[in-house]
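Heads up, final.cif below (mmCIF, C-alpha atoms):
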data_coords
#
loop_
_atom_site.label_atom_id
_atom_site.label_comp_id
_atom_site.auth_asym_id
_atom_site.auth_seq_id
_atom_site.Cartn_x
_atom_site.Cartn_y
_atom_site.Cartn_z
CA MET A 396 65.00 57.92 59.27
CA SER A 397 63.85 60.61 61.68
CA ASN A 398 62.84 57.93 64.18
CA GLN A 399 66.32 56.54 64.12
CA THR A 400 68.03 59.86 64.91
CA LEU A 401 65.56 60.50 67.71
CA GLU A 402 66.45 57.18 69.26
CA GLN A 403 70.12 57.62 68.57
CA LYS A 404 70.48 61.06 70.10
CA PRO A 405 69.83 60.21 73.76
CA LYS A 406 71.95 57.09 73.35
CA SER A 407 74.98 59.01 72.13
CA GLU A 408 74.64 61.60 74.89
CA VAL A 409 74.65 58.88 77.52
CA PHE A 410 77.58 57.32 75.74
CA LEU A 411 79.45 60.66 75.81
CA ILE A 412 78.82 61.15 79.51
CA ILE A 413 80.11 57.66 80.25
CA LYS A 414 83.11 58.18 77.99
CA ASN A 415 83.99 61.54 79.61
CA THR A 416 83.61 60.06 83.06
CA LEU A 417 85.85 57.14 82.22
CA ILE A 418 88.57 59.36 80.74
CA LEU A 419 88.51 61.63 83.78
CA PHE A 420 88.55 58.55 86.00
CA ALA A 421 91.58 57.20 84.15
CA ILE A 422 93.47 60.50 84.50
CA THR A 423 92.65 60.66 88.20
CA ALA A 424 93.63 57.02 88.72
CA ILE A 425 97.01 57.52 87.00
CA ALA A 426 97.60 60.66 89.04
CA GLY A 427 96.74 58.79 92.24
CA LEU A 428 99.04 55.93 91.31
CA LEU A 429 101.91 58.33 90.57
CA LEU A 430 101.37 60.11 93.86
CA SER A 431 101.37 56.90 95.86
CA ILE A 432 104.63 55.83 94.19
CA VAL A 433 106.30 59.17 94.94
CA ASN A 434 104.90 59.13 98.45
CA SER A 435 106.33 55.71 99.25
CA MET A 436 109.65 56.72 97.68
CA THR A 437 109.95 59.85 99.83
CA ALA A 438 108.21 58.78 103.06
CA ASP A 439 111.40 57.52 104.76
CA ALA A 440 113.48 60.49 103.66
CA ILE A 441 110.82 62.92 104.88
CA ALA A 442 110.53 61.16 108.25
CA ALA A 443 114.33 61.27 108.63
CA GLN A 444 114.35 64.97 107.74
CA LYS A 445 111.66 65.68 110.35
CA ILE A 446 113.78 64.06 113.08
CA ILE A 447 116.87 66.03 112.00
CA GLN A 448 114.81 69.20 112.04
CA ARG A 449 113.43 68.39 115.48
CA ASP A 450 116.87 67.66 116.91
CA ASN A 451 118.23 70.87 115.41
CA ALA A 452 115.39 72.81 116.99
CA LEU A 453 115.91 71.14 120.38
CA ASN A 454 119.67 71.67 120.24
CA ALA A 455 119.11 75.35 119.56
CA VAL A 456 117.35 75.74 122.92
CA LEU A 457 119.44 73.26 124.93
CA PRO A 458 122.87 72.82 123.33
CA ASP A 459 125.13 69.78 123.44
CA ALA A 460 122.56 67.24 124.59
CA SER A 461 120.83 64.16 123.30
CA PHE A 462 117.08 63.93 123.58
CA GLU A 463 114.53 61.34 124.52
CA GLU A 464 110.79 62.02 124.35
CA ILE A 465 108.90 61.60 127.64
CA LYS A 466 105.19 61.34 128.31
CA ILE A 467 103.15 64.49 129.01
CA GLU A 468 101.37 64.09 132.35
CA LYS A 469 97.96 65.79 132.73
CA ALA A 470 98.06 66.70 129.05
CA GLU A 471 94.59 68.26 129.22
CA GLU A 472 95.91 70.96 131.58
CA TYR A 473 98.84 71.75 129.31
CA GLN A 474 97.21 72.23 125.90
CA ARG A 475 100.10 74.29 124.52
CA ILE A 476 102.70 71.59 125.18
CA GLN A 477 103.10 69.31 122.15
CA GLY A 478 106.09 67.31 123.28
CA ILE A 479 108.60 67.08 126.11
CA TYR A 480 112.14 65.80 125.68
CA GLN A 481 114.50 64.84 128.44
CA ALA A 482 118.02 66.00 127.64
CA LYS A 483 121.18 64.24 128.75
CA ASP A 484 124.71 65.54 128.31
CA SER A 485 127.53 63.40 126.90
CA ALA A 486 128.30 61.96 130.38
CA GLY A 487 124.70 60.77 130.74
CA ASN A 488 123.72 63.32 133.38
CA LEU A 489 120.39 65.16 133.21
CA ALA A 490 120.98 68.40 131.31
CA GLY A 491 117.42 69.68 131.39
CA TYR A 492 114.18 69.49 129.46
CA ALA A 493 113.18 70.79 126.05
CA PHE A 494 109.56 71.57 125.21
CA MET A 495 107.79 71.73 121.86
CA LEU A 496 105.06 74.33 122.19
CA THR A 497 102.32 75.89 120.08
CA ASN A 498 100.25 78.97 120.68
CA LYS A 499 97.96 81.20 118.67
CA GLY A 500 99.79 84.34 117.56
CA TYR A 501 98.57 87.36 115.65
CA GLY A 502 98.69 85.79 112.19
CA GLY A 503 98.17 82.13 113.01
CA THR A 504 99.71 79.31 114.97
CA ILE A 505 103.24 79.78 116.27
CA THR A 506 105.33 76.66 116.88
CA LEU A 507 108.30 77.11 119.16
CA ALA A 508 110.79 75.21 121.27
CA ALA A 509 111.93 76.18 124.76
CA GLY A 510 114.61 74.66 126.94
CA ILE A 511 114.90 74.65 130.72
CA SER A 512 118.25 73.56 132.11
CA ALA A 513 118.60 71.21 135.08
CA GLY A 514 119.45 74.29 137.16
CA GLY A 515 116.02 75.83 136.54
CA VAL A 516 117.14 78.48 134.07
CA ILE A 517 115.65 79.06 130.61
CA SER A 518 118.41 77.88 128.33
CA GLY A 519 116.84 79.13 125.11
CA MET A 520 113.78 79.72 122.96
CA ASP A 521 113.47 79.20 119.24
CA ILE A 522 110.58 79.87 116.86
CA ILE A 523 110.08 76.96 114.49
CA THR A 524 107.14 78.08 112.35
CA HIS A 525 105.06 81.23 112.40
CA SER A 526 102.98 83.42 110.13
CA GLU A 527 103.38 86.72 111.95
CA THR A 528 103.56 90.11 110.21
CA PRO A 529 106.95 90.72 108.57
CA GLY A 530 108.76 93.63 110.18
CA LEU A 531 106.64 93.45 113.36
CA GLY A 532 105.66 90.11 114.90
CA ALA A 533 108.09 88.20 112.72
CA ASN A 534 110.86 89.89 114.72
CA ALA A 535 110.12 87.33 117.46
CA ASP A 536 112.22 85.00 115.28
CA THR A 537 115.33 87.18 115.70
CA ASP A 538 118.20 86.63 118.13
CA LYS A 539 117.46 90.00 119.68
CA PHE A 540 114.11 88.77 121.00
CA LYS A 541 115.29 85.24 121.80
CA GLU A 542 118.08 86.67 123.96
CA LYS A 543 115.43 88.46 126.05
CA LEU A 544 114.08 85.15 127.32
CA LYS A 545 117.39 83.36 127.69
CA GLY A 546 118.83 83.12 131.19
CA LYS A 547 115.60 83.94 133.03
CA GLN A 548 114.67 81.90 136.10
CA ALA A 549 112.04 79.22 135.45
CA GLU A 550 109.29 81.24 137.16
CA THR A 551 106.25 82.89 135.55
CA LEU A 552 107.27 85.55 133.05
CA THR A 553 105.35 88.79 132.42
CA VAL A 554 105.30 90.77 129.19
CA VAL A 555 106.10 94.43 129.85
CA LYS A 556 106.84 97.26 127.43
CA GLY A 557 110.34 98.68 127.65
CA ASN A 558 111.59 96.64 130.59
CA ASN A 559 113.45 93.36 130.53
CA ASP A 560 114.54 93.13 134.18
CA GLY A 561 113.95 90.13 136.42
CA GLN A 562 110.99 88.06 135.24
CA ASN A 563 109.81 90.81 132.85
CA VAL A 564 109.99 90.24 129.11
CA ASP A 565 110.32 93.36 126.98
CA ALA A 566 107.56 93.25 124.34
CA LEU A 567 108.49 93.67 120.67
CA SER A 568 107.45 97.13 119.53
CA GLY A 569 104.20 96.93 117.55
CA ALA A 570 103.82 93.23 118.29
CA THR A 571 102.47 92.85 121.82
CA ILE A 572 100.18 89.97 120.81
CA THR A 573 103.07 87.98 119.33
CA SER A 574 105.29 88.70 122.35
CA ALA A 575 102.52 87.59 124.71
CA ALA A 576 101.80 84.44 122.67
CA VAL A 577 105.43 83.35 122.81
CA THR A 578 105.78 84.21 126.49
CA ASP A 579 102.52 82.45 127.43
CA ALA A 580 103.70 79.28 125.71
CA VAL A 581 107.03 79.43 127.54
CA ASN A 582 105.16 80.07 130.80
CA GLU A 583 103.24 76.85 130.31
CA ALA A 584 106.51 74.97 129.89
CA ILE A 585 107.78 76.65 133.08
CA ALA A 586 104.60 75.69 134.95
CA TYR A 587 104.93 72.11 133.80
CA TYR A 588 108.58 72.06 134.82
CA ASN A 589 107.79 73.40 138.28
CA ASN A 590 104.76 71.19 138.90
CA GLN A 591 105.74 67.92 137.26
CA LEU A 592 109.48 67.70 136.63
CA LYS A 593 111.33 69.65 139.30
CA GLY A 594 112.74 67.58 142.12
CA GLY A 595 113.16 64.47 140.00
CA LYS A 596 109.48 63.49 139.88
CA MET B 1289 113.77 78.98 66.50
CA SER B 1290 110.90 81.32 65.71
CA ILE B 1291 108.72 79.53 68.28
CA LEU B 1292 111.42 80.15 70.88
CA LYS B 1293 111.61 83.86 70.06
CA ASP B 1294 107.85 84.16 69.86
CA ARG B 1295 107.24 82.45 73.23
CA ALA B 1296 110.08 84.34 74.92
CA LYS B 1297 108.69 87.67 73.79
CA ALA B 1298 105.14 86.70 74.81
CA GLY B 1299 106.10 85.37 78.23
CA LEU B 1300 108.55 88.08 79.23
CA ILE B 1301 106.98 91.17 77.70
CA ASP B 1302 103.89 91.14 75.46
CA ASP B 1303 101.82 88.64 77.46
CA ASN B 1304 103.65 88.86 80.79
CA PRO B 1305 101.50 86.94 83.31
CA THR B 1306 101.79 89.67 85.95
CA PHE B 1307 101.97 92.92 83.96
CA VAL B 1308 99.58 92.09 81.13
CA GLN B 1309 97.41 89.13 82.11
CA VAL B 1310 97.40 90.22 85.79
CA LEU B 1311 97.02 86.57 86.83
CA GLY B 1312 98.21 84.86 89.99
CA MET B 1313 97.80 87.92 92.18
CA CYS B 1314 97.49 85.89 95.39
CA PRO B 1315 101.09 84.57 95.38
CA THR B 1316 102.36 87.76 93.74
CA LEU B 1317 101.14 89.95 96.58
CA ALA B 1318 101.59 87.47 99.40
CA VAL B 1319 105.16 86.25 99.01
CA THR B 1320 107.08 89.20 97.61
CA SER B 1321 108.10 90.69 100.95
CA SER B 1322 111.70 89.87 100.00
CA VAL B 1323 113.63 89.28 96.78
CA ILE B 1324 114.57 85.73 97.64
CA ASN B 1325 110.93 84.79 98.26
CA GLY B 1326 109.95 86.27 94.91
CA ILE B 1327 112.64 84.31 93.06
CA GLY B 1328 111.79 81.08 94.90
CA MET B 1329 108.07 81.36 94.21
CA GLY B 1330 108.73 82.29 90.59
CA LEU B 1331 111.08 79.41 89.90
CA SER B 1332 108.93 76.76 91.59
CA THR B 1333 105.95 78.00 89.58
CA THR B 1334 108.10 77.75 86.42
CA VAL B 1335 108.86 74.08 87.15
CA VAL B 1336 105.16 73.30 87.64
CA LEU B 1337 104.17 75.32 84.56
CA LEU B 1338 106.66 73.43 82.41
CA GLY B 1339 105.48 70.04 83.69
CA SER B 1340 101.77 70.73 83.50
CA ASN B 1341 102.01 72.37 80.05
CA VAL B 1342 103.89 69.37 78.63
CA VAL B 1343 101.48 66.80 80.08
CA ILE B 1344 98.37 68.73 79.10
CA SER B 1345 99.71 69.28 75.60
CA LEU B 1346 100.37 65.52 75.30
CA LEU B 1347 96.87 64.73 76.55
CA ARG B 1348 95.11 67.47 74.57
CA LYS B 1349 93.56 65.04 72.07
CA ILE B 1350 92.41 62.65 74.83
CA ILE B 1351 90.90 65.06 77.34
CA PRO B 1352 87.26 65.73 76.37
CA ALA B 1353 86.34 69.42 76.20
CA LYS B 1354 83.52 69.02 78.71
CA VAL B 1355 85.69 67.72 81.53
CA ARG B 1356 88.88 69.59 80.67
CA ILE B 1357 88.93 71.87 83.74
CA PRO B 1358 88.83 69.05 86.33
CA ALA B 1359 91.37 67.12 84.23
CA PHE B 1360 93.74 70.12 84.16
CA ILE B 1361 93.36 70.67 87.90
CA VAL B 1362 94.19 67.02 88.60
CA VAL B 1363 97.35 67.22 86.46
CA ILE B 1364 98.48 70.49 88.08
CA ALA B 1365 97.74 69.35 91.64
CA THR B 1366 99.63 66.10 90.99
CA PHE B 1367 102.69 68.00 89.80
CA VAL B 1368 102.61 70.33 92.77
CA THR B 1369 102.28 67.47 95.26
CA ILE B 1370 105.11 65.50 93.64
CA LEU B 1371 107.35 68.59 93.72
CA ASP B 1372 106.38 69.18 97.35
CA LEU B 1373 107.24 65.61 98.41
CA LEU B 1374 110.52 65.48 96.49
CA LEU B 1375 111.73 68.78 97.89
CA GLN B 1376 110.69 67.82 101.41
CA GLY B 1377 112.50 64.51 101.23
CA PHE B 1378 115.63 65.27 99.26
CA ILE B 1379 116.32 69.02 99.22
CA PRO B 1380 115.28 70.08 102.74
CA SER B 1381 117.27 73.33 102.64
CA LEU B 1382 115.24 74.50 99.64
CA TYR B 1383 112.05 73.17 101.18
CA ASP B 1384 112.68 75.25 104.30
CA SER B 1385 112.47 78.44 102.31
CA LEU B 1386 109.88 77.40 99.69
CA GLY B 1387 107.70 74.91 101.58
CA LEU B 1388 105.22 77.58 102.46
CA PHE B 1389 104.61 78.60 98.83
CA ILE B 1390 104.40 75.26 97.10
CA PRO B 1391 100.77 74.50 98.02
CA LEU B 1392 99.95 78.04 96.81
CA ILE B 1393 101.00 77.10 93.27
CA VAL B 1394 97.88 74.94 92.90
CA VAL B 1395 95.68 78.00 93.27
CA ASN B 1396 97.86 80.06 90.95
CA CYS B 1397 95.63 80.77 87.98
CA ILE B 1398 98.63 81.30 85.69
CA VAL B 1399 99.14 77.53 85.57
CA LEU B 1400 95.49 76.79 84.77
CA GLY B 1401 95.38 79.83 82.47
CA ARG B 1402 98.27 78.59 80.33
CA ALA B 1403 96.81 75.06 80.25
CA GLU B 1404 93.52 76.43 78.97
CA ALA B 1405 94.80 79.16 76.66
CA PHE B 1406 97.91 77.55 75.23
CA ALA B 1407 98.87 73.98 76.10
CA SER B 1408 95.46 72.53 75.25
CA LYS B 1409 95.73 73.95 71.71
CA ASN B 1410 99.44 73.64 70.86
CA GLY B 1411 102.15 71.04 70.38
CA VAL B 1412 104.48 69.76 73.08
CA LEU B 1413 107.57 71.82 72.18
CA ALA B 1414 105.67 75.09 71.91
CA SER B 1415 103.83 74.34 75.17
CA ALA B 1416 107.06 73.53 77.00
CA LEU B 1417 108.62 76.80 75.81
CA ASP B 1418 105.44 78.64 76.75
CA GLY B 1419 105.63 77.16 80.24
CA ILE B 1420 109.29 78.12 80.68
CA PHE B 1421 108.92 81.69 79.46
CA MET B 1422 105.61 82.41 81.19
CA GLY B 1423 107.28 81.12 84.35
CA LEU B 1424 110.34 83.31 83.78
CA GLY B 1425 108.13 86.31 83.08
CA PHE B 1426 106.37 85.66 86.37
CA THR B 1427 109.72 85.21 88.15
CA MET B 1428 110.99 88.47 86.70
CA ALA B 1429 107.92 90.40 87.88
CA LEU B 1430 108.08 88.85 91.36
CA THR B 1431 111.80 89.57 91.66
CA ILE B 1432 111.36 93.24 90.78
CA LEU B 1433 108.40 93.57 93.13
CA GLY B 1434 110.31 91.80 95.91
CA MET B 1435 113.29 94.08 95.35
CA ILE B 1436 111.21 97.26 95.59
CA ARG B 1437 109.44 96.05 98.73
CA GLU B 1438 112.56 94.77 100.48
CA ILE B 1439 114.55 97.96 99.81
CA LEU B 1440 111.75 100.33 100.84
CA GLY B 1441 110.36 98.17 103.63
CA ALA B 1442 113.52 96.89 105.28
CA GLY B 1443 116.43 98.76 103.67
CA GLN B 1444 117.82 95.39 102.65
CA ILE B 1445 118.35 93.33 99.55
CA PHE B 1446 118.77 89.55 99.67
CA GLY B 1447 118.72 90.01 103.46
CA ILE B 1448 121.83 92.22 103.38
CA THR B 1449 121.39 95.71 104.77
CA ILE B 1450 122.22 98.31 102.13
CA LEU B 1451 120.50 101.26 103.78
CA PRO B 1452 121.40 101.31 107.50
CA GLU B 1453 118.76 102.61 109.88
CA ALA B 1454 120.92 105.65 110.67
CA ILE B 1455 120.36 107.15 107.23
CA TYR B 1456 117.09 105.48 106.19
CA GLN B 1457 114.09 104.65 108.35
CA PRO B 1458 112.44 101.58 106.72
CA ILE B 1459 108.83 102.06 105.61
CA THR B 1460 107.38 98.92 107.20
CA ILE B 1461 104.09 99.21 105.27
CA PHE B 1462 105.91 98.02 102.13
CA LEU B 1463 106.40 94.64 103.79
CA LEU B 1464 102.67 94.42 104.56
CA ALA B 1465 99.75 93.77 102.21
CA PRO B 1466 98.91 97.45 101.45
CA GLY B 1467 102.52 98.07 100.42
CA ALA B 1468 102.30 95.11 98.04
CA PHE B 1469 99.32 96.73 96.29
CA MET B 1470 101.06 100.11 96.12
CA ALA B 1471 104.27 98.67 94.68
CA LEU B 1472 102.38 96.49 92.18
CA GLY B 1473 100.21 99.45 91.10
CA ALA B 1474 103.28 101.60 90.54
CA MET B 1475 104.94 98.81 88.54
CA LEU B 1476 101.89 98.36 86.31
CA ALA B 1477 101.80 102.13 85.72
CA VAL B 1478 105.46 102.20 84.68
CA TYR B 1479 104.98 99.16 82.41
CA ASN B 1480 101.97 100.71 80.68
CA TYR B 1481 103.68 104.08 80.36
CA MET B 1482 106.62 102.46 78.62
CA LYS B 1483 104.34 100.45 76.36
CA ILE B 1484 102.26 103.45 75.30
CA ARG B 1485 105.38 105.51 74.71
CA LYS B 1486 106.79 102.79 72.48
CA VAL B 1487 103.58 102.66 70.42
CA ASN B 1488 103.53 106.45 70.10
CA LEU B 1489 107.18 106.55 69.08
CA ALA B 1490 106.54 103.88 66.46
CA LYS B 1491 103.61 105.93 65.11
CA GLN B 1492 105.71 109.07 64.95
CA GLY B 1493 108.47 107.13 63.23
CA LYS B 1494 105.98 105.98 60.58
CA GLU B 1495 104.71 109.50 60.03
CA VAL B 1496 108.23 110.78 59.59
CA ALA B 1497 109.02 107.98 57.19
CA GLY B 1498 105.75 108.67 55.33
CA GLU B 1499 106.72 112.26 54.70
#

Target format structure tokens, applied to this file:
Amino acid sequence: MSNQTLEQKPKSEVFLIIKNTLILFAITAIAGLLLSIVNSMTADAIAAQKIIQRDNALNAVLPDASFEEIKIEKAEEYQRIQGIYQAKDSAGNLAGYAFMLTNKGYGGTITLAAGISAGGVISGMDIITHSETPGLGANADTDKFKEKLKGKQAETLTVVKGNNDGQNVDALSGATITSAAVTDAVNEAIAYYNNQLKGGK
Amino acid sequence: MSILKDRAKAGLIDDNPTFVQVLGMCPTLAVTSSVINGIGMGLSTTVVLLGSNVVISLLRKIIPAKVRIPAFIVVIATFVTILDLLLQGFIPSLYDSLGLFIPLIVVNCIVLGRAEAFASKNGVLASALDGIFMGLGFTMALTILGMIREILGAGQIFGITILPEAIYQPITIFLLAPGAFMALGAMLAVYNYMKIRKVNLAKQGKEVAGE
């Protein structure tokens, strides 16, 4: 009798481990199956939404244009540029270029869009995602700050406190790092525009 | 009916996830810089709580005790991911404002806490009600906290300025992490004060009745 239980005990423990593993495996497998179904159901809709979002962002910095992505030349020199879009107006003339940019801010990565019109003027800047401090750096995502960049010539911009004349950009109070991060990203777009795009290259 | 009343009282007051259980502090402190964020986080957590409580209650006799934690986590993470994908694909306007918080729900210990403490031991109906009311209790706490922080920190409510800068200089710290701790601490103090006062009043009432 005692021999039997001694033999049985390790057997049942092994059996339990296998049973537990199989149940957990089954739960995980069902979860994975469900996720793949939902993923395939939503993949198209999500992709469509991303394009709408992108076009909205590009239109915010370069209004009334249609966009076509172009290749980034010398991409290794322009690490902050994620994408460049050639903009055409309704008559098919070149309206300018829109840039998708990223840079490291104070609280994490900032994604932004900037537009340069065919006349070499900054047509707009828009913050797409950021995790800056609310009340300080997050103010970069307000019209008040965006207006500071708009209309500047496409030449290197400098962040200055309390002065927004010429190529100076007035820093947000209490958020110099955020202001500099945004301006540096826009500067890279300007540099790319001047070196690669200007003059119909 | 009594289950409904019982769960409502537990979730909203007696066992409130924020005031009493003090669970889920990461999303509570992180997202309540405005009222709308608090409501959004609270309601999306409620949806996940409801779903995970129902599924875990249904599976409670199948899931072995030894592997219950990984099983619960898989169920919760699946719900969160499904919610994330559906919102992203079909309700983009809501996703724009909530997208940031949805992955945070996985690490919200309220969801795992209710799975472990309630859904794994109770029937489906009771667990569903528990999920709804714990979620609403959480939403309520986050809304109040968001309201306090938005008014003090920005002079606004729901993004509408109610205290113009001319008469009220916003205290920016209430929008930052330290302000979240201060506001939460003050809320917990008020909650406990009210609770203790109620108990004392009940005691006094008994003494009077005893005489």

*Could you please tell me, as number ranges by chain, which residues of chain A have an atom within 12 Å of chain B when using all atoms listed in the file?*
A: 411-448, 523-533, 569

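Proximity of B:Leu1331, B:Val1394, B:Leu1417, B:Val1336 to Asp1294 of chain B, computed with only C-alpha atoms, is greatest for B:Leu1417.
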
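Taking atom CA of Asn1304 of chain B and atom CA of Ser1290 of chain B as endpoints, the distance between them is 18.4 Å.
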
*Name the closest residue to Val1343 of chain B among the candidates B:Val1323, B:Cys1397, B:Ala1416, B:Val1308; distances are taken between atoms, counting only C-alpha atoms.*
B:Ala1416

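Closest approach to Arg1348 of chain B from the set B:Glu1404, B:Glu1495, B:Glu1453, B:Asp1384 is made by B:Glu1404, with distances taken over all atoms listed in the file.
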
*For segment 575-581 of chain A, please output as a ChimeraX atom specification all residues within 9 Å (counting all atoms listed in the file; exclusion window: fewer than 2 positions along the same chain).*
/A:475-476,494,496-501,505-510,520,522,535,544,551-554,564,566,570-573,583-586

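The shortest atom-to-atom distance to Ala1298 of chain B, with only C-alpha atoms taken into account, belongs to B:Leu1424 out of B:Ile1357, B:Leu1424, B:Met1482, B:Met1313.
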
Within 8 Å of segment 472-474 of chain A, counting all atoms listed in the file, which residues qualify if same-chain residues fewer than 3 places away don't, as a tab-separated table (two decimals) with C-alpha atoms, in the coordinates of the input?
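part.tsv, written as the output of this step:
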chain	number	residue	atom	x	y	z
A	469	LYS	CA	97.96	65.79	132.73
A	477	GLN	CA	103.10	69.31	122.15
A	583	GLU	CA	103.24	76.85	130.31
A	587	TYR	CA	104.93	72.11	133.80

Could you put an axis-aligned box around every listed atom of segment 1402-1421 of chain B, padded by 8 Å on each side, and send me its centre and edge lengths in Å to one decimal, as AutoDock Vina command-line options?
--center_x 101.4 --center_y 75.7 --center_z 75.5 --size_x 31.8 --size_y 27.9 --size_z 26.3

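Comparing B:Ile1324, B:Ala1429, B:Ala1296, B:Lys1409 by their smallest distance to Ile1448 of chain B, the closest is B:Ile1324 (using only C-alpha atoms).
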
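Residue nearest Asp1302 of chain B within the list B:Met1435, B:Ile1455, B:Met1422, B:Val1478: B:Met1422 [criterion: smallest interatomic distance, only C-alpha atoms].
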
*Could you tell me how far atom CA of Asp459 of chain A lies from atom CA of Asn589 of chain A, in Å and to one decimal?*
23.1 Å

*Report the distance between atom CA of Leu1386 of chain B and atom CA of Asp1372 of chain B in Å, rounded to one decimal place.*
9.2 Å

Residue list as a tab-separated table (two decimals) with C-alpha atoms, in the coordinates of the input for point (113.8, 88.3, 122.3), cut-off 9 Å, all atoms listed in the file:
chain	number	residue	atom	x	y	z
A	520	MET	CA	113.78	79.72	122.96
A	534	ASN	CA	110.86	89.89	114.72
A	535	ALA	CA	110.12	87.33	117.46
A	536	ASP	CA	112.22	85.00	115.28
A	537	THR	CA	115.33	87.18	115.70
A	538	ASP	CA	118.20	86.63	118.13
A	539	LYS	CA	117.46	90.00	119.68
A	540	PHE	CA	114.11	88.77	121.00
A	541	LYS	CA	115.29	85.24	121.80
A	542	GLU	CA	118.08	86.67	123.96
A	543	LYS	CA	115.43	88.46	126.05
A	544	LEU	CA	114.08	85.15	127.32
A	545	LYS	CA	117.39	83.36	127.69
A	564	VAL	CA	109.99	90.24	129.11
A	565	ASP	CA	110.32	93.36	126.98
A	566	ALA	CA	107.56	93.25	124.34
A	567	LEU	CA	108.49	93.67	120.67
A	574	SER	CA	105.29	88.70	122.35

_Residue contacts of Gly1419 of chain B (7 Å, all atoms listed in the file) excluding same-chain residues fewer than 6 positions away, as a ChimeraX atom specification_ = /B:1334,1337-1338,1341

Within 9 Å of Ala513 of chain A, counting only C-alpha atoms, which residues show up once you throw out same-chain ones fewer than 2 positions away? Write them as a PDB file with C-alpha atoms, in the frame of the given file, please.
ATOM      1  CA  LEU A 489     120.390  65.160 133.210  1.00  0.00           C
ATOM      2  CA  ALA A 490     120.980  68.400 131.310  1.00  0.00           C
ATOM      3  CA  GLY A 491     117.420  69.680 131.390  1.00  0.00           C
ATOM      4  CA  TYR A 492     114.180  69.490 129.460  1.00  0.00           C
ATOM      5  CA  ILE A 511     114.900  74.650 130.720  1.00  0.00           C
ATOM      6  CA  GLY A 515     116.020  75.830 136.540  1.00  0.00           C
ATOM      7  CA  VAL A 516     117.140  78.480 134.070  1.00  0.00           C
ATOM      8  CA  LYS A 593     111.330  69.650 139.300  1.00  0.00           C
TER       9      LYS A 593
END
